[in-house]
Each structure stands twice: as structure tokens, then as C-alpha cells.
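For reference, my_file.cif (mmCIF, C-alpha atoms; chains and numbers go by the auth columns):
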data_structure
loop_
_atom_site.group_PDB
_atom_site.id
_atom_site.type_symbol
_atom_site.label_atom_id
_atom_site.label_comp_id
_atom_site.label_asym_id
_atom_site.label_seq_id
_atom_site.Cartn_x
_atom_site.Cartn_y
_atom_site.Cartn_z
_atom_site.B_iso_or_equiv
_atom_site.auth_seq_id
_atom_site.auth_asym_id
ATOM 1 C CA MET A 1 0.000 0.000 0.000 0.00 1220 A
ATOM 2 C CA LYS A 2 1.299 3.447 -0.889 0.00 1221 A
ATOM 3 C CA LYS A 3 1.814 6.175 1.690 0.00 1222 A
ATOM 4 C CA MET A 4 2.469 9.899 1.252 0.00 1223 A
ATOM 5 C CA TYR A 5 5.536 11.598 2.757 0.00 1224 A
ATOM 6 C CA PHE A 6 7.081 15.057 2.819 0.00 1225 A
ATOM 7 C CA ILE A 7 9.881 17.011 4.522 0.00 1226 A
ATOM 8 C CA ALA A 8 9.344 20.342 6.224 0.00 1227 A
ATOM 9 C CA VAL A 9 10.351 22.949 8.760 0.00 1228 A
ATOM 10 C CA TYR A 10 7.694 23.717 11.374 0.00 1229 A
ATOM 11 C CA PRO A 11 7.496 26.896 13.433 0.00 1230 A
ATOM 12 C CA PRO A 12 6.673 26.805 17.141 0.00 1231 A
ATOM 13 C CA GLN A 13 3.041 26.166 18.149 0.00 1232 A
ATOM 14 C CA GLU A 14 2.478 29.859 18.912 0.00 1233 A
ATOM 15 C CA ILE A 15 3.132 30.782 15.257 0.00 1234 A
ATOM 16 C CA ILE A 16 1.087 27.815 13.999 0.00 1235 A
ATOM 17 C CA ASP A 17 -1.803 29.189 16.092 0.00 1236 A
ATOM 18 C CA GLU A 18 -1.331 32.741 14.752 0.00 1237 A
ATOM 19 C CA ILE A 19 -1.365 31.513 11.148 0.00 1238 A
ATOM 20 C CA ARG A 20 -4.418 29.359 11.877 0.00 1239 A
ATOM 21 C CA ILE A 21 -6.294 32.630 12.568 0.00 1240 A
ATOM 22 C CA PHE A 22 -5.597 33.707 8.956 0.00 1241 A
ATOM 23 C CA LYS A 23 -6.696 30.277 7.705 0.00 1242 A
ATOM 24 C CA LYS A 24 -9.939 30.574 9.689 0.00 1243 A
ATOM 25 C CA ASP A 25 -10.508 34.011 8.144 0.00 1244 A
ATOM 26 C CA LEU A 26 -10.153 32.526 4.659 0.00 1245 A
ATOM 27 C CA ALA A 27 -12.532 29.696 5.567 0.00 1246 A
ATOM 28 C CA LEU A 28 -15.104 32.119 6.968 0.00 1247 A
ATOM 29 C CA HIS A 29 -14.905 34.971 4.446 0.00 1248 A
ATOM 30 C CA TYR A 30 -13.538 33.367 1.265 0.00 1249 A
ATOM 31 C CA ASP A 31 -15.034 29.860 1.328 0.00 1250 A
ATOM 32 C CA ASN A 32 -11.611 28.209 1.724 0.00 1251 A
ATOM 33 C CA SER A 33 -11.521 25.502 4.368 0.00 1252 A
ATOM 34 C CA LYS A 34 -8.928 23.061 2.987 0.00 1253 A
ATOM 35 C CA ALA A 35 -5.929 24.929 4.415 0.00 1254 A
ATOM 36 C CA LEU A 36 -7.325 24.359 7.922 0.00 1255 A
ATOM 37 C CA ASN A 37 -6.392 20.674 7.554 0.00 1256 A
ATOM 38 C CA ASN A 38 -2.639 21.311 7.825 0.00 1257 A
ATOM 39 C CA ASP A 39 -0.503 23.148 10.359 0.00 1258 A
ATOM 40 C CA ALA A 40 1.682 25.995 9.112 0.00 1259 A
ATOM 41 C CA HIS A 41 5.061 24.832 7.801 0.00 1260 A
ATOM 42 C CA ILE A 42 7.667 25.479 5.127 0.00 1261 A
ATOM 43 C CA THR A 43 7.957 22.559 2.725 0.00 1262 A
ATOM 44 C CA LEU A 44 11.529 21.503 1.950 0.00 1263 A
ATOM 45 C CA PHE A 45 10.459 18.552 -0.191 0.00 1264 A
ATOM 46 C CA PRO A 46 6.884 18.276 -1.484 0.00 1265 A
ATOM 47 C CA PRO A 47 4.587 15.321 -0.848 0.00 1266 A
ATOM 48 C CA PHE A 48 5.497 12.115 -2.644 0.00 1267 A
ATOM 49 C CA SER A 49 4.104 8.598 -2.527 0.00 1268 A
ATOM 50 C CA ARG A 50 5.985 5.372 -1.967 0.00 1269 A
ATOM 51 C CA GLU A 51 5.065 1.830 -1.078 0.00 1270 A
ATOM 52 C CA ALA A 52 4.889 1.483 2.713 0.00 1271 A
ATOM 53 C CA GLU A 53 7.489 -1.303 2.649 0.00 1272 A
ATOM 54 C CA LEU A 54 10.012 1.247 1.314 0.00 1273 A
ATOM 55 C CA GLU A 55 9.647 3.445 4.390 0.00 1274 A
ATOM 56 C CA ASN A 56 12.977 2.237 5.814 0.00 1275 A
ATOM 57 C CA ASP A 57 14.689 3.504 2.649 0.00 1276 A
ATOM 58 C CA ILE A 58 12.979 6.873 3.097 0.00 1277 A
ATOM 59 C CA HIS A 59 14.199 7.010 6.711 0.00 1278 A
ATOM 60 C CA THR A 60 17.728 6.124 5.590 0.00 1279 A
ATOM 61 C CA ALA A 61 17.767 8.888 2.967 0.00 1280 A
ATOM 62 C CA PHE A 62 16.291 11.344 5.483 0.00 1281 A
ATOM 63 C CA GLN A 63 19.018 10.553 8.025 0.00 1282 A
ATOM 64 C CA LYS A 64 21.671 11.144 5.333 0.00 1283 A
ATOM 65 C CA ILE A 65 20.540 14.755 4.803 0.00 1284 A
ATOM 66 C CA ASP A 66 23.427 17.047 5.710 0.00 1285 A
ATOM 67 C CA THR A 67 22.283 19.040 8.743 0.00 1286 A
ATOM 68 C CA ASP A 68 25.766 20.220 9.670 0.00 1287 A
ATOM 69 C CA LEU A 69 24.382 23.738 9.999 0.00 1288 A
ATOM 70 C CA SER A 70 23.943 26.083 12.908 0.00 1289 A
ATOM 71 C CA PRO A 71 20.311 26.656 13.845 0.00 1290 A
ATOM 72 C CA PHE A 72 19.109 29.817 12.134 0.00 1291 A
ATOM 73 C CA GLU A 73 16.294 32.314 12.354 0.00 1292 A
ATOM 74 C CA ILE A 74 13.575 32.809 9.747 0.00 1293 A
ATOM 75 C CA THR A 75 11.608 36.056 9.616 0.00 1294 A
ATOM 76 C CA LEU A 76 8.052 35.859 8.331 0.00 1295 A
ATOM 77 C CA ASN A 77 7.059 39.225 6.887 0.00 1296 A
ATOM 78 C CA GLY A 78 3.700 39.871 5.239 0.00 1297 A
ATOM 79 C CA PHE A 79 1.839 37.871 2.647 0.00 1298 A
ATOM 80 C CA GLY A 80 2.384 36.671 -0.879 0.00 1299 A
ATOM 81 C CA GLY A 81 0.517 34.686 -3.442 0.00 1300 A
ATOM 82 C CA PHE A 82 0.693 32.415 -6.421 0.00 1301 A
ATOM 83 C CA PRO A 83 -2.043 33.919 -8.614 0.00 1302 A
ATOM 84 C CA ASN A 84 -2.491 30.780 -10.711 0.00 1303 A
ATOM 85 C CA SER A 85 -6.089 30.848 -11.990 0.00 1304 A
ATOM 86 C CA GLU A 86 -6.425 27.057 -11.609 0.00 1305 A
ATOM 87 C CA ASN A 87 -4.785 26.665 -8.167 0.00 1306 A
ATOM 88 C CA PRO A 88 -4.239 30.020 -6.458 0.00 1307 A
ATOM 89 C CA VAL A 89 -2.325 30.080 -3.185 0.00 1308 A
ATOM 90 C CA LEU A 90 -2.184 32.764 -0.497 0.00 1309 A
ATOM 91 C CA TYR A 91 0.691 32.492 1.956 0.00 1310 A
ATOM 92 C CA VAL A 92 2.737 34.054 4.732 0.00 1311 A
ATOM 93 C CA LYS A 93 6.012 35.135 3.202 0.00 1312 A
ATOM 94 C CA PRO A 94 9.412 34.362 4.733 0.00 1313 A
ATOM 95 C CA GLU A 95 12.154 36.871 4.056 0.00 1314 A
ATOM 96 C CA ALA A 96 14.965 35.605 1.821 0.00 1315 A
ATOM 97 C CA ASN A 97 17.215 33.333 3.847 0.00 1316 A
ATOM 98 C CA GLU A 98 20.434 31.806 2.558 0.00 1317 A
ATOM 99 C CA HIS A 99 20.506 29.212 5.369 0.00 1318 A
ATOM 100 C CA LEU A 100 17.056 27.948 4.354 0.00 1319 A
ATOM 101 C CA ASN A 101 18.210 27.705 0.737 0.00 1320 A
ATOM 102 C CA ILE A 102 21.280 25.694 1.807 0.00 1321 A
ATOM 103 C CA LEU A 103 19.087 23.380 3.887 0.00 1322 A
ATOM 104 C CA HIS A 104 16.777 22.862 0.899 0.00 1323 A
ATOM 105 C CA GLN A 105 19.766 22.058 -1.330 0.00 1324 A
ATOM 106 C CA ASN A 106 20.939 19.500 1.235 0.00 1325 A
ATOM 107 C CA VAL A 107 17.497 17.864 1.217 0.00 1326 A
ATOM 108 C CA ILE A 108 17.317 17.564 -2.556 0.00 1327 A
ATOM 109 C CA ARG A 109 20.773 15.990 -2.663 0.00 1328 A
ATOM 110 C CA GLN A 110 19.215 12.973 -0.923 0.00 1329 A
ATOM 111 C CA PHE A 111 15.738 13.192 -2.469 0.00 1330 A
ATOM 112 C CA THR A 112 16.608 13.692 -6.115 0.00 1331 A
ATOM 113 C CA PHE A 113 13.388 12.652 -7.868 0.00 1332 A
ATOM 114 C CA ASN A 114 11.490 15.936 -7.755 0.00 1333 A
ATOM 115 C CA LYS A 115 13.178 18.962 -9.304 0.00 1334 A
ATOM 116 C CA ARG A 116 10.641 21.712 -8.551 0.00 1335 A
ATOM 117 C CA SER A 117 11.727 25.250 -7.921 0.00 1336 A
ATOM 118 C CA PHE A 118 11.906 26.317 -4.279 0.00 1337 A
ATOM 119 C CA THR A 119 9.720 29.236 -3.202 0.00 1338 A
ATOM 120 C CA PRO A 120 9.564 29.110 0.603 0.00 1339 A
ATOM 121 C CA HIS A 121 6.133 29.961 2.005 0.00 1340 A
ATOM 122 C CA MET A 122 3.588 29.075 4.701 0.00 1341 A
ATOM 123 C CA THR A 123 0.259 28.403 3.043 0.00 1342 A
ATOM 124 C CA VAL A 124 -2.806 30.231 4.335 0.00 1343 A
ATOM 125 C CA GLY A 125 -5.240 29.460 1.513 0.00 1344 A
ATOM 126 C CA TYR A 126 -5.239 26.919 -1.334 0.00 1345 A
ATOM 127 C CA ARG A 127 -6.971 23.861 -2.843 0.00 1346 A
ATOM 128 C CA ASN A 128 -10.635 24.892 -2.726 0.00 1347 A
ATOM 129 C CA LEU A 129 -9.785 28.617 -2.942 0.00 1348 A
ATOM 130 C CA THR A 130 -11.362 29.858 -6.159 0.00 1349 A
ATOM 131 C CA TYR A 131 -9.505 32.399 -8.252 0.00 1350 A
ATOM 132 C CA ASP A 132 -12.251 35.001 -7.649 0.00 1351 A
ATOM 133 C CA ASN A 133 -12.007 34.486 -3.887 0.00 1352 A
ATOM 134 C CA TYR A 134 -8.225 34.559 -4.095 0.00 1353 A
ATOM 135 C CA LEU A 135 -8.420 37.980 -5.773 0.00 1354 A
ATOM 136 C CA LYS A 136 -10.833 39.250 -3.094 0.00 1355 A
ATOM 137 C CA ALA A 137 -8.625 37.912 -0.294 0.00 1356 A
ATOM 138 C CA TRP A 138 -5.472 39.293 -1.929 0.00 1357 A
ATOM 139 C CA LYS A 139 -6.941 42.817 -1.881 0.00 1358 A
ATOM 140 C CA VAL A 140 -7.047 42.506 1.921 0.00 1359 A
ATOM 141 C CA TYR A 141 -3.958 40.416 2.595 0.00 1360 A
ATOM 142 C CA GLN A 142 -1.510 42.295 0.361 0.00 1361 A
ATOM 143 C CA LYS A 143 -1.850 45.238 2.789 0.00 1362 A
ATOM 144 C CA LYS A 144 -2.148 43.180 5.984 0.00 1363 A
ATOM 145 C CA GLU A 145 0.823 43.316 8.327 0.00 1364 A
ATOM 146 C CA TYR A 146 2.207 40.242 9.976 0.00 1365 A
ATOM 147 C CA LYS A 147 5.794 39.895 11.128 0.00 1366 A
ATOM 148 C CA THR A 148 7.384 37.351 13.396 0.00 1367 A
ATOM 149 C CA ARG A 149 10.425 35.130 13.505 0.00 1368 A
ATOM 150 C CA PHE A 150 11.410 31.720 14.721 0.00 1369 A
ATOM 151 C CA LEU A 151 14.454 29.521 15.123 0.00 1370 A
ATOM 152 C CA VAL A 152 14.918 26.619 12.721 0.00 1371 A
ATOM 153 C CA ASP A 153 16.745 23.894 14.625 0.00 1372 A
ATOM 154 C CA ARG A 154 15.334 20.734 13.020 0.00 1373 A
ATOM 155 C CA ILE A 155 13.672 19.266 9.969 0.00 1374 A
ATOM 156 C CA LEU A 156 10.811 16.778 10.022 0.00 1375 A
ATOM 157 C CA LEU A 157 9.832 13.814 7.883 0.00 1376 A
ATOM 158 C CA LEU A 158 6.068 13.375 7.856 0.00 1377 A
ATOM 159 C CA ARG A 159 3.745 10.587 6.694 0.00 1378 A
ATOM 160 C CA HIS A 160 0.081 10.918 5.854 0.00 1379 A
ATOM 161 C CA ASP A 161 -2.075 8.582 7.962 0.00 1380 A
ATOM 162 C CA GLY A 162 -5.396 10.373 7.630 0.00 1381 A
ATOM 163 C CA LYS A 163 -3.461 13.480 8.638 0.00 1382 A
ATOM 164 C CA TRP A 164 0.220 14.426 8.483 0.00 1383 A
ATOM 165 C CA ILE A 165 2.201 13.006 11.393 0.00 1384 A
ATOM 166 C CA PRO A 166 5.929 13.410 12.086 0.00 1385 A
ATOM 167 C CA ILE A 167 7.765 10.097 11.850 0.00 1386 A
ATOM 168 C CA ALA A 168 11.360 11.356 12.109 0.00 1387 A
ATOM 169 C CA GLU A 169 13.277 14.512 12.878 0.00 1388 A
ATOM 170 C CA LYS A 170 16.830 15.605 12.358 0.00 1389 A
ATOM 171 C CA LEU A 171 18.439 18.376 14.373 0.00 1390 A
ATOM 172 C CA LEU A 172 20.609 21.065 12.859 0.00 1391 A
ATOM 173 C CA ILE A 173 23.928 20.746 14.635 0.00 1392 A
ATOM 174 C CA ARG A 174 27.063 22.566 13.527 0.00 1393 A
ATOM 175 C CA LYS A 175 30.018 20.237 14.015 0.00 1394 A
ATOM 176 C CA GLN A 176 33.254 21.770 15.192 0.00 1395 A
ATOM 177 C CA LYS A 177 35.788 22.101 12.369 0.00 1396 A
#
Mind turning the file's structure into C-alpha cells?
Amino acid sequence: MKKMYFIAVYPPQEIIDEIRIFKKDLALHYDNSKALNNDAHITLFPPFSREAELENDIHTAFQKIDTDLSPFEITLNGFGGFPNSENPVLYVKPEANEHLNILHQNVIRQFTFNKRSFTPHMTVGYRNLTYDNYLKAWKVYQKKEYKTRFLVDRILLLRHDGKWIPIAEKLLIRKQK
């Protein structure tokens, strides 16, 4: 049986709760409830499916990801969007962060089968967000202020079992040179 997996950075619960308020607003005012199903995160490697019996191989590849990095801070600053008429996305926007880009590069060295571009974001609205409702929400959210920051000190491997659950984590630890 196939299972879904992905790799991500999660903020602390306080920030997850703050972003959930924006998701609830989109559900209430813009008929977009799907984003409520997932906690706020930054995807380092998008969801992929594999046979459940290959999970040990996924764990092995995950543990090989180079996390010889010092923990680093990410600043979330305002909102952005992917105005795709078929699948629009509204998100909280992280400021550019070279450490996050390096971490992403380290992930895709081990997980080489998906070569998508990397645009870090924390989704607020997507899936059942219509393009018309996206445009209405964007008029509000493009001016809305939201700024916070958090420390990235680990990455998580998650599996979908009715909902996304963490099945492994790897700490960022700078080794002495």
C-alpha cells in the first residue's frame, strides 16, 4: 500500500496558532476551508508517494541529509501569493534566507526525484480557494501586516495517515571544524 511523505520545517506552536487565525478568516470569508487541515510549515520537499514497505529507505535517505548547519532564524514578513487561476495560493512570506536555501539544497541531494523550484512559504489558503475568492482575499492580505520570527533547529519527515504526522526529525547541529 502506498503512503504519502514530505519534509518540512515547522514553526513553534504559537506561530502555527497565529497563522491558523488567517486560515480561519479565509474559511469564513472566502469559502476556503482546505488549508485548515494542515498546520503551518515550510515545505523543503513536497509530498510524494511510496510503497509502505520502502519506508525504511525513506528514513535512511532522510538521516543522510546534511544538517551540519547552525540553527538559524527565519523572519516571516507579510503575505504573498501564487495567482495561478487554476490553483491560487495565499501564503505568509518568509524573508529571503540563505541558510534555508542551503538546507533545501541538502534535502534535494538525498531526495533527487522531484526537481521543482523552491519558493519558501507558509500556506494560508489553497486547494478549494477559487480564483475570484483569491483575488478578493489578496486585496485585503496584500496590505495586511504580519511579522514574526522563529528559530529553525530541526527538519521533520512526515507521513500521511489520515493526517500528516511526524515520523522522524533531524536536528541542525554545527560540528566543530
Self-check item: Close residues, Arg1269 in chain A itself excluded, 12 Å, all atoms listed in the file, min 6 positions apart in chain, as a list in words
Solution: Met1220, Lys1221, Lys1222, Met1223, Tyr1224, Phe1225, Asn1275, Asp1276, Ile1277, Phe1332, Arg1378 and His1379 of chain A
Practice problem: Tell me which of A:Ser1252, A:Pro1307, A:Arg1346, A:Ile1226 sits closest to His1278 in chain A, counting all atoms listed in the file. | Solution: A:Ile1226
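If you measure from each of A:Pro1230, A:Lys1358, A:His1260, A:Phe1241 to Trp1383 in chain A using only C-alpha atoms, the closest one turns out to be A:His1260.
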Contacts of Asn1352 in chain A within 9 Å, all atoms listed in the file, excl. fewer than 5 positions in-chain, as a short mmCIF file (atom, residue, chain, number, x, y, z; two decimals) with C-alpha atoms, in the frame of the given file:
data_model
loop_
_atom_site.label_atom_id
_atom_site.label_comp_id
_atom_site.auth_asym_id
_atom_site.auth_seq_id
_atom_site.Cartn_x
_atom_site.Cartn_y
_atom_site.Cartn_z
CA LEU A 1245 -10.15 32.53 4.66
CA HIS A 1248 -14.90 34.97 4.45
CA TYR A 1249 -13.54 33.37 1.26
CA ASP A 1250 -15.03 29.86 1.33
CA ASN A 1251 -11.61 28.21 1.72
CA TRP A 1357 -5.47 39.29 -1.93
#
Practice problem: Just say which residues the PyMOL selection byres ((chain A and resi 1255) around 10) picks in this file, as a ChimeraX atom specification. | Solution: /A:1238-1243,1245-1246,1251-1254,1256-1259,1342-1345
Self-check item: Option closest in space to Asn1325 in chain A, from A:Thr1367, A:Leu1376, A:Ala1280, A:Asp1285 [counting all atoms listed in the file]
Solution: A:Asp1285
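Residues surrounding Ile1293 in chain A within 8 Å are Phe1291, Leu1295, Pro1313, Glu1314, Asn1316, Arg1368, Phe1369, Leu1370 and Val1371 of chain A [all atoms listed in the file; sequence separation below 2 positions excluded].
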Take the selection from the previous step and output its residues with C-alpha atoms, as an mmCIF file, in the coordinates of the input.
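Listing of again.cif after writing:
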data_model
loop_
_atom_site.group_PDB
_atom_site.id
_atom_site.type_symbol
_atom_site.label_atom_id
_atom_site.label_comp_id
_atom_site.auth_asym_id
_atom_site.auth_seq_id
_atom_site.Cartn_x
_atom_site.Cartn_y
_atom_site.Cartn_z
ATOM 1 C CA PHE A 1291 19.109 29.817 12.134
ATOM 2 C CA LEU A 1295 8.052 35.859 8.331
ATOM 3 C CA PRO A 1313 9.412 34.362 4.733
ATOM 4 C CA GLU A 1314 12.154 36.871 4.056
ATOM 5 C CA ASN A 1316 17.215 33.333 3.847
ATOM 6 C CA ARG A 1368 10.425 35.130 13.505
ATOM 7 C CA PHE A 1369 11.410 31.720 14.721
ATOM 8 C CA LEU A 1370 14.454 29.521 15.123
ATOM 9 C CA VAL A 1371 14.918 26.619 12.721
#
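For the atom pair formed by CA of Gly1297 in chain A and CA of Val1311 in chain A, the distance is 5.9 Å, given to one decimal.
Taking CA of Tyr1350 in chain A and CA of Asp1236 in chain A as endpoints, the distance between them is 25.7 Å.
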Quiz prompt | Residue nearest Ile1284 in chain A - candidates A:Thr1262, A:Gln1329, A:Gln1324, A:Thr1338, atoms counted: all atoms listed in the file | solution = A:Gln1329
Quiz prompt | Test item: the PyMOL selection byres ((chain A and resi 1374) around 8) resolved as a list of chain:residue names | solution = A:Ile1226, A:Ala1227, A:Val1228, A:Tyr1229, A:Val1371, A:Asp1372, A:Arg1373, A:Leu1375, A:Leu1376, A:Glu1388, A:Lys1389, A:Leu1390, A:Leu1391
Quiz prompt | Shell of 10 Å around Gln1361 in chain A, only C-alpha atoms, local chain residues under 6 positions omitted, as number ranges by chain | solution = A: 1297-1300, 1309
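Between CA of Ala1387 in chain A and CA of Thr1294 in chain A the separation is 24.8 Å.
Checking A:Asn1333, A:Asn1296, A:Gln1282, A:Asn1303 one by one against Ile1386 in chain A, counting all atoms listed in the file, you find the shortest gap at A:Gln1282.
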Quiz item: Hey, which of A:Met1341, A:Val1326, A:Ile1261, A:Leu1288 ends up closest to Glu1237 in chain A? Count only C-alpha atoms.
Solution: A:Met1341
Emit a file covering range 1244-1255 of chain A of the preceding structure with all heavy atoms, as a PDB file, in the first residue's frame.
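As a result, out-v1.pdb now contains:
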ATOM      1  N   ASP A1244      -9.947  32.863   8.852  1.00  0.00           N
ATOM      2  CA  ASP A1244     -10.508  34.011   8.144  1.00  0.00           C
ATOM      3  C   ASP A1244     -10.820  33.635   6.696  1.00  0.00           C
ATOM      4  O   ASP A1244     -11.887  33.982   6.174  1.00  0.00           O
ATOM      5  CB  ASP A1244      -9.540  35.201   8.193  1.00  0.00           C
ATOM      6  CG  ASP A1244     -10.062  36.387   7.402  1.00  0.00           C
ATOM      7  OD1 ASP A1244     -11.143  36.911   7.737  1.00  0.00           O
ATOM      8  OD2 ASP A1244      -9.385  36.784   6.429  1.00  0.00           O
ATOM      9  N   LEU A1245      -9.899  32.935   6.043  1.00  0.00           N
ATOM     10  CA  LEU A1245     -10.153  32.526   4.659  1.00  0.00           C
ATOM     11  C   LEU A1245     -11.311  31.533   4.578  1.00  0.00           C
ATOM     12  O   LEU A1245     -12.104  31.592   3.636  1.00  0.00           O
ATOM     13  CB  LEU A1245      -8.888  31.949   4.009  1.00  0.00           C
ATOM     14  CG  LEU A1245      -8.165  32.981   3.146  1.00  0.00           C
ATOM     15  CD1 LEU A1245      -7.396  33.978   3.969  1.00  0.00           C
ATOM     16  CD2 LEU A1245      -7.298  32.324   2.123  1.00  0.00           C
ATOM     17  N   ALA A1246     -11.425  30.649   5.552  1.00  0.00           N
ATOM     18  CA  ALA A1246     -12.532  29.696   5.567  1.00  0.00           C
ATOM     19  C   ALA A1246     -13.865  30.432   5.749  1.00  0.00           C
ATOM     20  O   ALA A1246     -14.849  30.137   5.059  1.00  0.00           O
ATOM     21  CB  ALA A1246     -12.336  28.673   6.678  1.00  0.00           C
ATOM     22  N   LEU A1247     -13.874  31.403   6.634  1.00  0.00           N
ATOM     23  CA  LEU A1247     -15.104  32.119   6.968  1.00  0.00           C
ATOM     24  C   LEU A1247     -15.524  33.109   5.888  1.00  0.00           C
ATOM     25  O   LEU A1247     -16.699  33.179   5.521  1.00  0.00           O
ATOM     26  CB  LEU A1247     -14.907  32.852   8.299  1.00  0.00           C
ATOM     27  CG  LEU A1247     -16.120  33.502   8.932  1.00  0.00           C
ATOM     28  CD1 LEU A1247     -17.178  32.455   9.275  1.00  0.00           C
ATOM     29  CD2 LEU A1247     -15.704  34.246  10.193  1.00  0.00           C
ATOM     30  N   HIS A1248     -14.571  33.874   5.355  1.00  0.00           N
ATOM     31  CA  HIS A1248     -14.905  34.971   4.446  1.00  0.00           C
ATOM     32  C   HIS A1248     -14.663  34.679   2.969  1.00  0.00           C
ATOM     33  O   HIS A1248     -15.145  35.441   2.113  1.00  0.00           O
ATOM     34  CB  HIS A1248     -14.136  36.230   4.852  1.00  0.00           C
ATOM     35  CG  HIS A1248     -14.521  36.729   6.198  1.00  0.00           C
ATOM     36  ND1 HIS A1248     -13.715  36.554   7.312  1.00  0.00           N
ATOM     37  CD2 HIS A1248     -15.633  37.351   6.638  1.00  0.00           C
ATOM     38  CE1 HIS A1248     -14.312  37.067   8.364  1.00  0.00           C
ATOM     39  NE2 HIS A1248     -15.478  37.563   7.991  1.00  0.00           N
ATOM     40  N   TYR A1249     -13.898  33.627   2.662  1.00  0.00           N
ATOM     41  CA  TYR A1249     -13.538  33.367   1.265  1.00  0.00           C
ATOM     42  C   TYR A1249     -13.787  31.910   0.872  1.00  0.00           C
ATOM     43  O   TYR A1249     -13.220  31.425  -0.102  1.00  0.00           O
ATOM     44  CB  TYR A1249     -12.075  33.758   1.007  1.00  0.00           C
ATOM     45  CG  TYR A1249     -11.806  35.203   1.386  1.00  0.00           C
ATOM     46  CD1 TYR A1249     -11.206  35.522   2.600  1.00  0.00           C
ATOM     47  CD2 TYR A1249     -12.172  36.240   0.538  1.00  0.00           C
ATOM     48  CE1 TYR A1249     -10.976  36.847   2.957  1.00  0.00           C
ATOM     49  CE2 TYR A1249     -11.946  37.575   0.888  1.00  0.00           C
ATOM     50  CZ  TYR A1249     -11.354  37.867   2.105  1.00  0.00           C
ATOM     51  OH  TYR A1249     -11.132  39.174   2.448  1.00  0.00           O
ATOM     52  N   ASP A1250     -14.613  31.222   1.649  1.00  0.00           N
ATOM     53  CA  ASP A1250     -15.034  29.860   1.328  1.00  0.00           C
ATOM     54  C   ASP A1250     -13.849  28.927   1.053  1.00  0.00           C
ATOM     55  O   ASP A1250     -13.845  28.161   0.102  1.00  0.00           O
ATOM     56  CB  ASP A1250     -15.990  29.887   0.118  1.00  0.00           C
ATOM     57  CG  ASP A1250     -16.765  28.581  -0.015  1.00  0.00           C
ATOM     58  OD1 ASP A1250     -17.001  27.913   1.009  1.00  0.00           O
ATOM     59  OD2 ASP A1250     -17.113  28.227  -1.159  1.00  0.00           O
ATOM     60  N   ASN A1251     -12.816  29.022   1.907  1.00  0.00           N
ATOM     61  CA  ASN A1251     -11.611  28.209   1.724  1.00  0.00           C
ATOM     62  C   ASN A1251     -11.269  27.488   3.015  1.00  0.00           C
ATOM     63  O   ASN A1251     -10.611  28.029   3.878  1.00  0.00           O
ATOM     64  CB  ASN A1251     -10.441  29.079   1.266  1.00  0.00           C
ATOM     65  CG  ASN A1251      -9.163  28.291   1.099  1.00  0.00           C
ATOM     66  OD1 ASN A1251      -8.126  28.650   1.631  1.00  0.00           O
ATOM     67  ND2 ASN A1251      -9.216  27.203   0.363  1.00  0.00           N
ATOM     68  N   SER A1252     -11.721  26.251   3.127  1.00  0.00           N
ATOM     69  CA  SER A1252     -11.521  25.502   4.368  1.00  0.00           C
ATOM     70  C   SER A1252     -10.382  24.496   4.308  1.00  0.00           C
ATOM     71  O   SER A1252      -9.904  24.043   5.339  1.00  0.00           O
ATOM     72  CB  SER A1252     -12.808  24.767   4.724  1.00  0.00           C
ATOM     73  OG  SER A1252     -13.150  23.891   3.652  1.00  0.00           O
ATOM     74  N   LYS A1253      -9.921  24.136   3.117  1.00  0.00           N
ATOM     75  CA  LYS A1253      -8.928  23.061   2.987  1.00  0.00           C
ATOM     76  C   LYS A1253      -7.626  23.348   3.735  1.00  0.00           C
ATOM     77  O   LYS A1253      -7.004  22.438   4.265  1.00  0.00           O
ATOM     78  CB  LYS A1253      -8.615  22.775   1.519  1.00  0.00           C
ATOM     79  CG  LYS A1253      -9.769  22.175   0.751  1.00  0.00           C
ATOM     80  CD  LYS A1253      -9.985  20.737   1.112  1.00  0.00           C
ATOM     81  CE  LYS A1253     -11.032  20.129   0.208  1.00  0.00           C
ATOM     82  NZ  LYS A1253     -11.384  18.791   0.576  1.00  0.00           N
ATOM     83  N   ALA A1254      -7.199  24.604   3.758  1.00  0.00           N
ATOM     84  CA  ALA A1254      -5.929  24.929   4.415  1.00  0.00           C
ATOM     85  C   ALA A1254      -5.988  24.690   5.924  1.00  0.00           C
ATOM     86  O   ALA A1254      -4.947  24.554   6.562  1.00  0.00           O
ATOM     87  CB  ALA A1254      -5.529  26.366   4.117  1.00  0.00           C
ATOM     88  N   LEU A1255      -7.191  24.624   6.488  1.00  0.00           N
ATOM     89  CA  LEU A1255      -7.325  24.359   7.922  1.00  0.00           C
ATOM     90  C   LEU A1255      -6.858  22.945   8.283  1.00  0.00           C
ATOM     91  O   LEU A1255      -6.576  22.666   9.441  1.00  0.00           O
ATOM     92  CB  LEU A1255      -8.780  24.538   8.369  1.00  0.00           C
ATOM     93  CG  LEU A1255      -9.247  25.975   8.525  1.00  0.00           C
ATOM     94  CD1 LEU A1255     -10.766  26.030   8.684  1.00  0.00           C
ATOM     95  CD2 LEU A1255      -8.565  26.646   9.704  1.00  0.00           C
TER      96      LEU A1255
END
